[in-house]
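Structure data follow from protein20.pdb (PDB, C-alpha atoms, pLDDT in the B column):
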```
MODEL        1
ATOM      1  CA  MET D   1     162.039 114.848 164.976  1.00 54.00           C
ATOM      2  CA  SER D   2     162.150 111.684 166.638  1.00 60.00           C
ATOM      3  CA  ALA D   3     159.263 109.464 167.399  1.00 63.00           C
ATOM      4  CA  GLN D   4     158.334 109.474 170.994  1.00 69.00           C
ATOM      5  CA  PRO D   5     156.919 106.361 172.488  1.00 67.00           C
ATOM      6  CA  LEU D   6     153.358 106.448 173.823  1.00 63.00           C
ATOM      7  CA  PRO D   7     153.045 106.570 177.531  1.00 63.00           C
ATOM      8  CA  ALA D   8     152.315 103.162 178.962  1.00 63.00           C
ATOM      9  CA  ARG D   9     148.975 102.565 180.492  1.00 60.00           C
ATOM     10  CA  THR D  10     149.212 101.981 184.096  1.00 62.00           C
ATOM     11  CA  THR D  11     145.698 100.888 184.800  1.00 63.00           C
ATOM     12  CA  ALA D  12     143.633  98.385 182.907  1.00 58.00           C
ATOM     13  CA  PRO D  13     140.068  99.215 181.971  1.00 58.00           C
ATOM     14  CA  ARG D  14     137.656  98.271 184.636  1.00 60.00           C
ATOM     15  CA  ARG D  15     135.165  95.527 183.914  1.00 59.00           C
ATOM     16  CA  THR D  16     132.476  94.868 186.314  1.00 57.00           C
ATOM     17  CA  THR D  17     130.126  91.991 186.128  1.00 59.00           C
ATOM     18  CA  GLY D  18     127.364  93.449 188.184  1.00 58.00           C
ATOM     19  CA  ALA D  19     124.587  95.676 186.942  1.00 57.00           C
ATOM     20  CA  THR D  20     125.597  99.236 187.336  1.00 62.00           C
ATOM     21  CA  PRO D  21     123.122 102.083 187.398  1.00 59.00           C
ATOM     22  CA  GLU D  22     124.269 103.093 183.898  1.00 64.00           C
ATOM     23  CA  ARG D  23     123.387  99.750 182.440  1.00 62.00           C
ATOM     24  CA  ARG D  24     120.021  99.582 184.075  1.00 65.00           C
ATOM     25  CA  ASN D  25     118.915 102.907 182.607  1.00 72.00           C
ATOM     26  CA  ARG D  26     120.186 102.215 179.134  1.00 75.00           C
ATOM     27  CA  VAL D  27     117.657 101.437 176.421  1.00 77.00           C
ATOM     28  CA  ARG D  28     118.043  98.002 175.047  1.00 80.00           C
ATOM     29  CA  LEU D  29     118.637  98.028 171.283  1.00 83.00           C
ATOM     30  CA  THR D  30     116.880  95.518 169.073  1.00 86.00           C
ATOM     31  CA  VAL D  31     117.213  94.691 165.408  1.00 85.00           C
ATOM     32  CA  ILE D  32     114.327  96.027 163.359  1.00 85.00           C
ATOM     33  CA  PRO D  33     113.751  94.566 159.905  1.00 85.00           C
ATOM     34  CA  SER D  34     114.227  97.072 157.115  1.00 84.00           C
ATOM     35  CA  PRO D  35     111.024  98.441 155.634  1.00 84.00           C
ATOM     36  CA  VAL D  36     109.705  96.733 152.524  1.00 82.00           C
ATOM     37  CA  PRO D  37     110.951  98.739 149.564  1.00 79.00           C
ATOM     38  CA  ALA D  38     108.155 100.540 147.737  1.00 79.00           C
ATOM     39  CA  ARG D  39     106.896  98.687 144.678  1.00 82.00           C
ATOM     40  CA  SER D  40     107.810 100.174 141.381  1.00 87.00           C
ATOM     41  CA  ARG D  41     105.034 102.110 139.627  1.00 89.00           C
ATOM     42  CA  ALA D  42     106.407 101.239 136.216  1.00 92.00           C
ATOM     43  CA  PRO D  43     104.019  98.297 135.549  1.00 91.00           C
ATOM     44  CA  PHE D  44     100.990 100.411 136.497  1.00 93.00           C
ATOM     45  CA  VAL D  45     102.127 103.336 134.359  1.00 94.00           C
ATOM     46  CA  THR D  46     102.836 100.936 131.493  1.00 96.00           C
ATOM     47  CA  LEU D  47      99.336  99.449 131.819  1.00 96.00           C
ATOM     48  CA  LEU D  48      97.739 102.899 131.781  1.00 97.00           C
ATOM     49  CA  ALA D  49      99.823 103.964 128.783  1.00 97.00           C
ATOM     50  CA  THR D  50      98.851 100.774 126.944  1.00 98.00           C
ATOM     51  CA  ILE D  51      95.152 101.330 127.671  1.00 98.00           C
ATOM     52  CA  LEU D  52      95.432 104.954 126.530  1.00 98.00           C
ATOM     53  CA  LEU D  53      97.205 103.998 123.298  1.00 98.00           C
ATOM     54  CA  ALA D  54      94.659 101.237 122.622  1.00 98.00           C
ATOM     55  CA  ALA D  55      91.798 103.703 123.131  1.00 98.00           C
ATOM     56  CA  LEU D  56      93.427 106.236 120.814  1.00 98.00           C
ATOM     57  CA  ALA D  57      94.002 103.559 118.180  1.00 98.00           C
ATOM     58  CA  ALA D  58      90.364 102.443 118.472  1.00 98.00           C
ATOM     59  CA  VAL D  59      89.142 106.031 118.053  1.00 98.00           C
ATOM     60  CA  LEU D  60      91.428 106.499 115.055  1.00 98.00           C
ATOM     61  CA  MET D  61      90.168 103.301 113.409  1.00 98.00           C
ATOM     62  CA  LEU D  62      86.566 104.280 114.110  1.00 98.00           C
ATOM     63  CA  ASN D  63      87.176 107.696 112.593  1.00 98.00           C
ATOM     64  CA  ILE D  64      88.750 106.148 109.495  1.00 98.00           C
ATOM     65  CA  ARG D  65      85.797 103.750 109.085  1.00 98.00           C
ATOM     66  CA  MET D  66      83.309 106.594 109.479  1.00 98.00           C
ATOM     67  CA  THR D  67      85.144 108.623 106.842  1.00 97.00           C
ATOM     68  CA  GLU D  68      85.191 105.693 104.428  1.00 97.00           C
ATOM     69  CA  THR D  69      81.481 105.127 105.037  1.00 97.00           C
ATOM     70  CA  ALA D  70      80.747 108.820 104.480  1.00 97.00           C
ATOM     71  CA  TYR D  71      82.535 108.740 101.115  1.00 97.00           C
ATOM     72  CA  ALA D  72      80.723 105.543 100.119  1.00 97.00           C
ATOM     73  CA  LEU D  73      77.398 107.084 101.162  1.00 97.00           C
ATOM     74  CA  HIS D  74      78.171 110.192  99.107  1.00 97.00           C
ATOM     75  CA  ASP D  75      78.945 108.039  96.055  1.00 97.00           C
ATOM     76  CA  VAL D  76      75.704 106.075  96.478  1.00 97.00           C
ATOM     77  CA  GLN D  77      73.718 109.310  96.861  1.00 97.00           C
ATOM     78  CA  MET D  78      75.246 110.645  93.652  1.00 98.00           C
ATOM     79  CA  ASP D  79      74.337 107.414  91.842  1.00 97.00           C
ATOM     80  CA  LEU D  80      70.816 107.613  93.273  1.00 97.00           C
ATOM     81  CA  ALA D  81      70.461 111.200  92.054  1.00 97.00           C
ATOM     82  CA  LEU D  82      71.513 110.109  88.540  1.00 97.00           C
ATOM     83  CA  VAL D  83      69.016 107.230  88.579  1.00 97.00           C
ATOM     84  CA  GLU D  84      66.213 109.511  89.799  1.00 97.00           C
ATOM     85  CA  GLU D  85      67.063 111.996  87.040  1.00 97.00           C
ATOM     86  CA  SER D  86      66.961 109.176  84.484  1.00 97.00           C
ATOM     87  CA  ILE D  87      63.597 108.002  85.847  1.00 97.00           C
ATOM     88  CA  ASN D  88      62.212 111.530  85.572  1.00 97.00           C
ATOM     89  CA  ASP D  89      63.436 111.796  81.985  1.00 97.00           C
ATOM     90  CA  LEU D  90      61.834 108.456  81.103  1.00 96.00           C
ATOM     91  CA  GLN D  91      58.578 109.482  82.799  1.00 96.00           C
ATOM     92  CA  ILE D  92      58.520 112.663  80.716  1.00 95.00           C
ATOM     93  CA  GLN D  93      59.070 110.566  77.577  1.00 93.00           C
ATOM     94  CA  VAL D  94      56.254 108.163  78.550  1.00 92.00           C
ATOM     95  CA  ASP D  95      53.905 111.073  79.225  1.00 90.00           C
ATOM     96  CA  ALA D  96      54.787 112.654  75.895  1.00 88.00           C
ATOM     97  CA  GLU D  97      54.352 109.374  73.980  1.00 87.00           C
ATOM     98  CA  SER D  98      51.025 108.588  75.625  1.00 87.00           C
ATOM     99  CA  ALA D  99      49.344 111.884  74.758  1.00 88.00           C
ATOM    100  CA  PRO D 100      45.984 111.142  73.095  1.00 87.00           C
ATOM    101  CA  ALA D 101      46.678 113.285  70.024  1.00 88.00           C
ATOM    102  CA  LEU D 102      50.019 111.558  69.396  1.00 89.00           C
ATOM    103  CA  LEU D 103      48.489 108.111  69.873  1.00 87.00           C
ATOM    104  CA  ASP D 104      45.691 108.961  67.407  1.00 88.00           C
ATOM    105  CA  HIS D 105      48.223 110.211  64.854  1.00 89.00           C
ATOM    106  CA  ARG D 106      50.429 107.105  65.197  1.00 89.00           C
ATOM    107  CA  ALA D 107      47.403 104.816  64.916  1.00 90.00           C
ATOM    108  CA  GLN D 108      46.374 106.505  61.654  1.00 90.00           C
ATOM    109  CA  GLU D 109      49.968 106.139  60.353  1.00 92.00           C
ATOM    110  CA  LEU D 110      49.763 102.412  61.053  1.00 92.00           C
ATOM    111  CA  GLY D 111      46.464 102.180  59.153  1.00 91.00           C
ATOM    112  CA  MET D 112      44.163 101.847  62.119  1.00 90.00           C
ATOM    113  CA  THR D 113      40.694 103.375  61.995  1.00 87.00           C
ATOM    114  CA  ARG D 114      38.375 104.565  64.693  1.00 82.00           C
ATOM    115  CA  PRO D 115      35.569 102.169  65.531  1.00 81.00           C
ATOM    116  CA  GLU D 116      32.069 103.307  64.646  1.00 83.00           C
ATOM    117  CA  THR D 117      30.651 101.900  67.844  1.00 84.00           C
ATOM    118  CA  SER D 118      32.084 101.619  71.365  1.00 86.00           C
ATOM    119  CA  TYR D 119      30.864  98.922  73.684  1.00 87.00           C
ATOM    120  CA  TYR D 120      30.682  99.171  77.460  1.00 88.00           C
ATOM    121  CA  ILE D 121      30.025  96.278  79.827  1.00 90.00           C
ATOM    122  CA  SER D 122      28.188  97.007  83.044  1.00 90.00           C
ATOM    123  CA  LEU D 123      29.125  94.474  85.706  1.00 91.00           C
ATOM    124  CA  GLU D 124      26.323  95.517  88.045  1.00 91.00           C
ATOM    125  CA  ASP D 125      23.451  94.492  85.798  1.00 91.00           C
ATOM    126  CA  ARG D 126      25.503  92.379  83.352  1.00 88.00           C
ATOM    127  CA  SER D 127      24.480  94.330  80.315  1.00 90.00           C
ATOM    128  CA  VAL D 128      26.367  95.517  77.270  1.00 89.00           C
ATOM    129  CA  THR D 129      25.818  99.075  76.109  1.00 87.00           C
ATOM    130  CA  SER D 130      27.008 100.444  72.804  1.00 84.00           C
ATOM    131  CA  THR D 131      27.699 104.007  71.862  1.00 81.00           C
ATOM    132  CA  GLU D 132      28.117 105.295  68.344  1.00 77.00           C
ATOM    133  CA  ILE D 133      30.724 107.889  67.541  1.00 66.00           C
ATOM    134  CA  SER D 134      28.072 110.433  66.704  1.00 57.00           C
ATOM    135  CA  GLY D 135      27.049 110.216  70.381  1.00 45.00           C
ATOM    136  CA  GLU D 136      23.793 108.242  69.996  1.00 45.00           C
ATOM    137  CA  THR D 137      23.129 105.419  72.465  1.00 44.00           C
ATOM    138  CA  ASN D 138      21.379 102.126  71.488  1.00 43.00           C
TER     139      ASN D 138
ENDMDL
END
```

Hey, can you dump this file as structure tokens for me?
Amino acid sequence: MSAQPLPARTTAPRRTTGATPERRNRVRLTVIPSPVPARSRAPFVTLLATILLAALAAVLMLNIRMTETAYALHDVQMDLALVEESINDLQIQVDAESAPALLDHRAQELGMTRPETSYYISLEDRSVTSTEISGETN
């Protein structure tokens, strides 16, 4: 096949300088600036994630501190219970050692004797009263 030449244009395109009805009705195009691209949400999401992680870390640390305090409190309560038990034992010993019969027996072992007369001082009338062991009053 052979290449055929294009038919020659016999008429030139028409250019008119006057306003034609087509041009008058046409909408005039203007350049509109492109819309501002939407800001990225990454910084906001990062801030929220950071706040959330900080809150979780604070709760974790608080929980750890409370647990440590609970164990320390338990240890102190156990020590307190041992001390109270020791105090009760010592109080029982003091009560047993201060029984009148035991004191009288120990005094006799040490060579002490009962006094024949007991003296009482009355602060109201500033008098001294004596009582013999037999129960007679002077």

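Here CA of Gln108 (chain D) stands at a distance of 17.6 Å from CA of Ala96 (chain D).
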
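Picture a line from CA of Leu110 (chain D) to CA of Val94 (chain D); it runs 19.5 Å.
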
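Put simply, CA of Ser130 (chain D) is 11.4 Å away from CA of Pro115 (chain D).
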